[in-house]
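Chemist: Got a structure for you, questions after.
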Amino acid sequence: MRTFADNEDQGGRVALPASTQAPHPAGTTTAPPGDRASGDPTSDPRTPALRLRGALGFGAVLRPPTALLPWGWAAALFALYATVAVRRHLLMRTTGYDLGIFDQAVRAYAELRAPVVPLRGEGFHLLGDHFHPLLAALAPLYRLWPSPLCLLTAQSALLAVAVVPLARWAARALGPRSAHAVAAGYGLSWGIASAAAFDFHEVALAVPLLAFALEALAHRRWRPAVAWAAPLLLVKEDLGLTLAAVGAYIALKGPRRLGAATAVAGVAGSLIEVRLLLPAFHPGGAYAHGDNLTGGHGSLLATLAHAPLDALRPDIKAMTLVLVFAPSALLALRSPLSLIAVPTLAWRMLSENSFHWGTAFHYSAVLMPVVSAGLIDALTVWRRHDHALGARHVRASLATVLAVTLVMLPSFPLAQVAQRATWRTTGHIQAARALLARIPDGATVAASNRLVPQLTSRCTVVVFPTFPVAGKLYEYDNKRLPRPTAEWIVHDRHPPEAWPYRTGHWPYPGRQQEAELAAAQRLHGYRKVAQRDGITLLRLARPARR
């Protein structure tokens, strides 16, 4: 995991002095100036600017144009991710679950309110769903640009900037040409593609934090690594276990006390969030997603007892485990850094929620920096030796990485940028926009799932028909639903395609939704305002008093 920026020649090859030619075990390195065992900063011959960079975990300075390589990739990936995400939203392929939920939460933060989200239930505080107070960091940006597009663009930037520490590390350790391959492997990986194209999620905040932490670990900058990883506790409750994995790695490779303290803090943080904070905010006084880990066997202890078999059943789990490391041509498995992926993989494979098992959605985004870091670490050992066989191995490995990336690319949503449908606005979309424009700002609206995020930045919105009922998130077989109370109802009989969901109605079957729409007019006082291309707009003739 050592970097050798100062010893790199014009061709990107690493020329090592004779004293460093002896092989080192994977995951070890020689401490740079000022990071010796003595810890005496006065012995550091570097300039104050370089010492500051080292304190932040950035390592040595790359020379132009190599210094621009990581940021060039970040800019290109941002443009790609933002294009796909924005076009999906404009084509109404985004959903209330989840973009609408996060839009309501960040809008509340921007208006200096608690993140109460009507889409999750009346008076529902979103910190009772998942613990992600770091979302408030996006509030100033949303204040300037109050739109779901703000969140989609911010997510694109977060996912893209994570390539910077990875490409920078690769450029120092393997050379600029190799850094391009590593950057492409990360940026076009299926895990990042799936997150970039599916609404907005809080884990986007974790991806760059973890990438910078991994770079700091590579340079044996233990304290900066902890500083980068610590905010993971504020992104989502399970990421405290990832912080603990970072601590375990530090204890294995560096100062044991710091590593142990970090690991304990990570585990304790997750336990406090799951056992105390999340139930305190949840209307039912419990962890909203606890049944995902205990529902199948009745208790957490029984779940752990069945874990060895459940982790690989059904077959989709084993396939996902292979595909997670496929962007590195499985080479990341040779690095101890890959152990940092274990907590996320463990809870996903043991979950009762089938969404967690596959490759769709956003669940694998946080794993991709770990896989790329493991790849760099595994190849650095070969690059340390000025031998033709080592250089050939690195080139062949990176060629395989690129081949795997290109083969998998068409199967995941970044390929949508090359599809004709992505650039065509249909008459159905135009009709939907025209009807939505008739709803005034500040109105209360019950809307079909894929129409919800078109309204959340300017209206108070819930899903039509009513979901969830009594706060029960995973119940979809409700035969009797509460009557609608919103001033407006807008329903789409022909919802657009919305990967990764199947085409069709959600959360209830189409026939049930049609029956609820008819009942709203027949029984609950709604009258039809307009209907066009299967989209119906209703308004309550006698608005309920507040």
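To be explicit about the labels: the chains of the structure tokens are called A, B, and onward in the order shown, and within each one the residues are counted from 1, while ligands get numbers from 1 in the order they are shown.
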Which segment 62-169 of chain A residues have any atom within 8 Å of an atom of segment 444-461 of chain A, and for each, what is the nearest pair of atoms with distance in Å to one decimal, counting only C-alpha atoms, rows sorted by chain and number, as CSV?
Modeler:
```
residue,atom,partner,partner_atom,distance
A:Met92,CA,A:Arg450,CA,6.1
A:Arg93,CA,A:Arg450,CA,6.4
A:Thr94,CA,A:Arg450,CA,6.0
A:Thr95,CA,A:Arg450,CA,4.4
A:Gly96,CA,A:Val452,CA,4.9
A:Tyr97,CA,A:Asn449,CA,7.0
A:Leu99,CA,A:Pro453,CA,6.3
A:Gly100,CA,A:Pro453,CA,4.5
A:Asp103,CA,A:Thr456,CA,6.5
A:Gln104,CA,A:Thr456,CA,6.2
A:Arg107,CA,A:Ser457,CA,7.0
A:Pro118,CA,A:Val461,CA,6.7
A:Leu119,CA,A:Val461,CA,6.6
A:Pro146,CA,A:Ser457,CA,6.1
A:Ser147,CA,A:Ser457,CA,5.5
A:Pro148,CA,A:Ser457,CA,6.9
```
Chemist: Since we have the selection now, will you write its residues out, keeping all heavy atoms, as a tab-separated table (two decimals), in the first residue's frame?
Modeler:
```
chain	number	residue	atom	x	y	z
A	92	MET	N	-40.03	11.42	-15.45
A	92	MET	CA	-40.90	10.91	-14.39
A	92	MET	C	-40.64	9.45	-14.08
A	92	MET	O	-41.56	8.67	-13.80
A	92	MET	CB	-42.38	11.15	-14.73
A	92	MET	CG	-42.70	12.61	-14.90
A	92	MET	SD	-44.45	12.95	-15.14
A	92	MET	CE	-44.39	14.74	-15.33
A	93	ARG	N	-39.38	9.09	-14.13
A	93	ARG	CA	-38.98	7.74	-13.74
A	93	ARG	C	-38.51	7.68	-12.29
A	93	ARG	O	-38.23	6.61	-11.77
A	93	ARG	CB	-37.87	7.24	-14.66
A	93	ARG	CG	-38.30	7.10	-16.12
A	93	ARG	CD	-37.15	6.64	-16.98
A	93	ARG	NE	-37.55	6.48	-18.38
A	93	ARG	CZ	-36.74	6.12	-19.36
A	93	ARG	NH1	-35.45	5.86	-19.09
A	93	ARG	NH2	-37.17	6.01	-20.60
A	94	THR	N	-38.40	8.82	-11.63
A	94	THR	CA	-38.09	8.84	-10.20
A	94	THR	C	-39.38	8.59	-9.43
A	94	THR	O	-40.48	8.65	-9.97
A	94	THR	CB	-37.47	10.17	-9.80
A	94	THR	OG1	-38.31	11.25	-10.25
A	94	THR	CG2	-36.09	10.34	-10.41
A	95	THR	N	-39.25	8.32	-8.13
A	95	THR	CA	-40.40	7.86	-7.35
A	95	THR	C	-40.52	8.62	-6.03
A	95	THR	O	-39.56	9.21	-5.53
A	95	THR	CB	-40.28	6.36	-7.05
A	95	THR	OG1	-39.12	6.14	-6.23
A	95	THR	CG2	-40.17	5.54	-8.32
A	96	GLY	N	-41.74	8.56	-5.48
A	96	GLY	CA	-41.93	9.13	-4.16
A	96	GLY	C	-41.15	8.37	-3.12
A	96	GLY	O	-40.60	8.95	-2.18
A	97	TYR	N	-41.11	7.05	-3.28
A	97	TYR	CA	-40.29	6.16	-2.46
A	97	TYR	C	-39.09	5.72	-3.29
A	97	TYR	O	-39.20	4.77	-4.05
A	97	TYR	CB	-41.11	4.94	-2.01
A	97	TYR	CG	-41.93	5.16	-0.77
A	97	TYR	CD1	-42.98	6.06	-0.77
A	97	TYR	CD2	-41.65	4.48	0.39
A	97	TYR	CE1	-43.74	6.27	0.37
A	97	TYR	CE2	-42.41	4.67	1.54
A	97	TYR	CZ	-43.46	5.56	1.52
A	97	TYR	OH	-44.20	5.76	2.66
A	99	LEU	N	-37.08	9.23	-3.66
A	99	LEU	CA	-36.69	10.62	-3.88
A	99	LEU	C	-37.63	11.58	-3.18
A	99	LEU	O	-37.18	12.56	-2.57
A	99	LEU	CB	-36.63	10.91	-5.39
A	99	LEU	CG	-36.27	12.36	-5.76
A	99	LEU	CD1	-34.91	12.75	-5.19
A	99	LEU	CD2	-36.29	12.54	-7.28
A	100	GLY	N	-38.94	11.32	-3.26
A	100	GLY	CA	-39.89	12.22	-2.61
A	100	GLY	C	-39.67	12.30	-1.11
A	100	GLY	O	-39.78	13.39	-0.51
A	103	ASP	N	-36.62	14.40	-0.45
A	103	ASP	CA	-36.89	15.80	-0.81
A	103	ASP	C	-37.68	16.48	0.30
A	103	ASP	O	-37.39	17.64	0.66
A	103	ASP	CB	-37.66	15.85	-2.13
A	103	ASP	CG	-37.70	17.25	-2.70
A	103	ASP	OD1	-36.62	17.80	-2.98
A	103	ASP	OD2	-38.82	17.79	-2.87
A	104	GLN	N	-38.67	15.79	0.85
A	104	GLN	CA	-39.42	16.38	1.96
A	104	GLN	C	-38.53	16.60	3.18
A	104	GLN	O	-38.66	17.62	3.87
A	104	GLN	CB	-40.60	15.48	2.32
A	104	GLN	CG	-41.72	15.50	1.29
A	104	GLN	CD	-42.92	14.66	1.72
A	104	GLN	OE1	-42.80	13.74	2.53
A	104	GLN	NE2	-44.09	14.96	1.16
A	107	ARG	N	-35.99	19.49	2.45
A	107	ARG	CA	-36.78	20.73	2.40
A	107	ARG	C	-37.09	21.21	3.81
A	107	ARG	O	-37.00	22.41	4.11
A	107	ARG	CB	-38.07	20.51	1.61
A	107	ARG	CG	-38.99	21.73	1.57
A	107	ARG	CD	-40.31	21.40	0.90
A	107	ARG	NE	-41.23	22.50	0.98
A	107	ARG	CZ	-42.50	22.47	0.59
A	107	ARG	NH1	-43.00	21.34	0.07
A	107	ARG	NH2	-43.28	23.52	0.71
A	118	PRO	N	-44.45	13.62	5.46
A	118	PRO	CA	-45.81	13.09	5.30
A	118	PRO	C	-45.86	11.80	4.49
A	118	PRO	O	-46.76	10.97	4.71
A	118	PRO	CB	-46.54	14.23	4.57
A	118	PRO	CG	-45.78	15.47	4.93
A	118	PRO	CD	-44.35	15.03	5.04
A	119	LEU	N	-44.94	11.61	3.56
A	119	LEU	CA	-44.94	10.40	2.75
A	119	LEU	C	-44.75	9.13	3.59
A	119	LEU	O	-45.19	8.05	3.18
A	119	LEU	CB	-43.85	10.47	1.68
A	119	LEU	CG	-44.16	11.34	0.45
A	119	LEU	CD1	-42.91	11.60	-0.36
A	119	LEU	CD2	-45.23	10.66	-0.42
A	146	PRO	N	-34.43	24.93	-4.40
A	146	PRO	CA	-35.42	24.03	-3.83
A	146	PRO	C	-36.07	23.14	-4.88
A	146	PRO	O	-37.13	23.46	-5.43
A	146	PRO	CB	-36.45	24.99	-3.20
A	146	PRO	CG	-36.34	26.25	-4.01
A	146	PRO	CD	-34.90	26.33	-4.45
A	147	SER	N	-35.46	22.02	-5.13
A	147	SER	CA	-35.92	21.11	-6.17
A	147	SER	C	-35.32	19.73	-5.93
A	147	SER	O	-34.19	19.61	-5.43
A	147	SER	CB	-35.51	21.61	-7.55
A	147	SER	OG	-35.70	20.63	-8.54
A	148	PRO	N	-36.05	18.66	-6.30
A	148	PRO	CA	-35.42	17.34	-6.26
A	148	PRO	C	-34.17	17.25	-7.13
A	148	PRO	O	-33.28	16.44	-6.85
A	148	PRO	CB	-36.53	16.41	-6.80
A	148	PRO	CG	-37.80	17.14	-6.57
A	148	PRO	CD	-37.47	18.59	-6.72
```
Chemist: For segment 360-375 of chain A, please output as a list in words all residues within 6 Å (counting only C-alpha atoms; exclusion window: fewer than 3 positions along the same chain).
Modeler: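 Surrounding residues, per the criterion: Gly191, Ile192, Ser194, Ala195, Val207, Ala211, Ser328, Leu331, Ala332, Ser335, Leu337, Ser338, Ala341 and Ala378 of chain A.
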Chemist: Counting only C-alpha atoms, which residue out of A:Pro115, A:Gly247, A:Pro496, A:Gly284 sits closest to Leu134 of chain A?
Modeler: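 Selected residue with least distance to Leu134 of chain A: A:Pro115.
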Chemist: Could you name the residues that touch Thr536 of chain A at 9 Å or less, counting only C-alpha atoms, but leaving out those on the same chain fewer than 6 positions away, as JSON, numbers by chain?
Modeler: {"A": [435, 489, 490, 491, 492, 493, 517, 528, 529, 530]}
Chemist: Please list as a CSV table (one decimal) with C-alpha atoms, in the first residue's frame every residue within 12 Å of Leu345 of chain A, counting only C-alpha atoms and excluding residues in the same chain fewer than 4 positions away.
Modeler:
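Dumped everything to out_30.csv:
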```csv
chain,number,residue,atom,x,y,z
A,238,ASP,CA,-25.3,0.4,10.0
A,239,LEU,CA,-22.3,2.3,8.9
A,241,LEU,CA,-20.0,-1.2,11.8
A,242,THR,CA,-18.0,-0.1,8.8
A,311,ALA,CA,-25.8,-15.9,3.8
A,312,LEU,CA,-25.8,-17.9,0.6
A,317,LYS,CA,-26.9,-13.9,-2.7
A,318,ALA,CA,-23.9,-15.9,-3.9
A,320,THR,CA,-24.2,-10.8,-5.7
A,321,LEU,CA,-21.1,-11.6,-3.5
A,322,VAL,CA,-19.2,-12.5,-6.7
A,323,LEU,CA,-20.4,-9.4,-8.6
A,324,VAL,CA,-19.4,-7.1,-5.7
A,325,PHE,CA,-15.8,-7.9,-6.3
A,338,SER,CA,-11.6,-5.9,1.5
A,339,LEU,CA,-12.5,-6.8,5.1
A,340,ILE,CA,-14.0,-3.3,5.5
A,341,ALA,CA,-16.8,-4.5,3.2
A,349,MET,CA,-27.1,-11.2,3.1
A,350,LEU,CA,-28.8,-11.9,6.5
A,351,SER,CA,-31.7,-9.5,5.8
A,356,HIS,CA,-31.0,-6.2,-0.2
A,357,TRP,CA,-29.8,-9.4,-1.9
A,358,GLY,CA,-29.4,-8.3,-5.5
A,359,THR,CA,-27.6,-5.8,-7.5
A,363,TYR,CA,-27.1,-0.8,-1.5
A,364,SER,CA,-23.7,-1.6,-3.1
A,365,ALA,CA,-22.5,2.0,-3.6
A,366,VAL,CA,-20.6,2.1,-0.3
A,367,LEU,CA,-18.8,-1.1,-1.3
A,368,MET,CA,-17.3,0.1,-4.5
A,370,VAL,CA,-13.5,-0.6,-0.9
```
Chemist: Need to verify the contact set: Val116 of chain A, 7 Å, only C-alpha atoms, exclusion of same-chain residues closer than 2 positions in sequence. Can you return it as a PyMOL selection string?
Modeler: chain A and resi 105+114+118+123-126
Chemist: Got a sec: who's within 9 Å of Ala244 of chain A, counting only C-alpha atoms, leaving out chain neighbours fewer than 2 positions off, as a ChimeraX atom specification?
Modeler: /A:239-242,246-249,259-267,340,343
Chemist: Determine the nearest neighbour of Tyr81 of chain A from the options A:Phe131, A:Phe198, A:Tyr287, A:Tyr526, counting only C-alpha atoms.
Modeler: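 Using only C-alpha atoms, Tyr81 of chain A sits closest to A:Phe198.
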Chemist: For the atom pair atom CA of Pro327 of chain A and atom CA of Ile376 of chain A, what is the interatomic distance in Å to one decimal place?
Modeler: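 So the answer is 12.0 Å.
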Chemist: What lies within 8 Å of Val106 of chain A using only C-alpha atoms, ignoring chain neighbours under 2 positions off, as a PyMOL selection string?
Modeler: chain A and resi 102-104+108-110+115+135-136+138-139+142
Chemist: Emit the selected residues as a compact mmCIF listing (two decimals), in the first residue's frame, including N, CA, C and O atoms.
Modeler:
```txt
# COMPACT_ATOMS: atom_id res chain seq x y z
N PHE A 102 -36.84 11.87 0.63
CA PHE A 102 -35.66 12.67 0.96
C PHE A 102 -35.85 14.14 0.58
O PHE A 102 -35.30 15.03 1.24
N ASP A 103 -36.62 14.40 -0.45
CA ASP A 103 -36.89 15.80 -0.81
C ASP A 103 -37.68 16.48 0.30
O ASP A 103 -37.39 17.64 0.66
N GLN A 104 -38.67 15.79 0.85
CA GLN A 104 -39.42 16.38 1.96
C GLN A 104 -38.53 16.60 3.18
O GLN A 104 -38.66 17.62 3.87
N ALA A 108 -37.44 20.28 4.69
CA ALA A 108 -37.71 20.65 6.08
C ALA A 108 -36.46 21.21 6.75
O ALA A 108 -36.53 22.23 7.45
N TYR A 109 -35.33 20.55 6.56
CA TYR A 109 -34.09 21.08 7.12
C TYR A 109 -33.80 22.49 6.59
O TYR A 109 -33.39 23.38 7.33
N ALA A 110 -34.01 22.69 5.29
CA ALA A 110 -33.74 23.99 4.68
C ALA A 110 -34.66 25.08 5.23
O ALA A 110 -34.28 26.26 5.28
N PRO A 115 -37.28 17.12 10.35
CA PRO A 115 -37.53 16.38 9.11
C PRO A 115 -38.77 15.48 9.21
O PRO A 115 -38.68 14.24 9.16
N LEU A 135 -27.71 14.50 6.55
CA LEU A 135 -28.49 15.04 5.44
C LEU A 135 -28.67 16.55 5.57
O LEU A 135 -28.82 17.25 4.57
N ALA A 136 -28.68 17.04 6.80
CA ALA A 136 -28.86 18.47 7.02
C ALA A 136 -27.77 19.30 6.35
O ALA A 136 -27.96 20.50 6.10
N LEU A 138 -26.98 19.24 3.40
CA LEU A 138 -27.46 19.63 2.07
C LEU A 138 -28.48 20.76 2.12
O LEU A 138 -28.87 21.28 1.08
N ALA A 139 -28.92 21.11 3.32
CA ALA A 139 -29.97 22.12 3.45
C ALA A 139 -29.59 23.48 2.86
O ALA A 139 -30.42 24.09 2.18
N TYR A 142 -30.05 23.26 -0.82
CA TYR A 142 -31.47 23.14 -1.17
C TYR A 142 -32.18 24.48 -0.98
O TYR A 142 -33.13 24.80 -1.71
```
Chemist: Of the residues A:Leu473, A:Val182, A:Leu209, A:Leu214, which is the one nearest to Ala329 of chain A, using only C-alpha atoms?
Modeler: A:Val182
Chemist: Mind listing the strand (DSSP E) residues of segment 226-461 of chain A, per DSSP on the backbone, as a count of residues only?
Modeler: 6
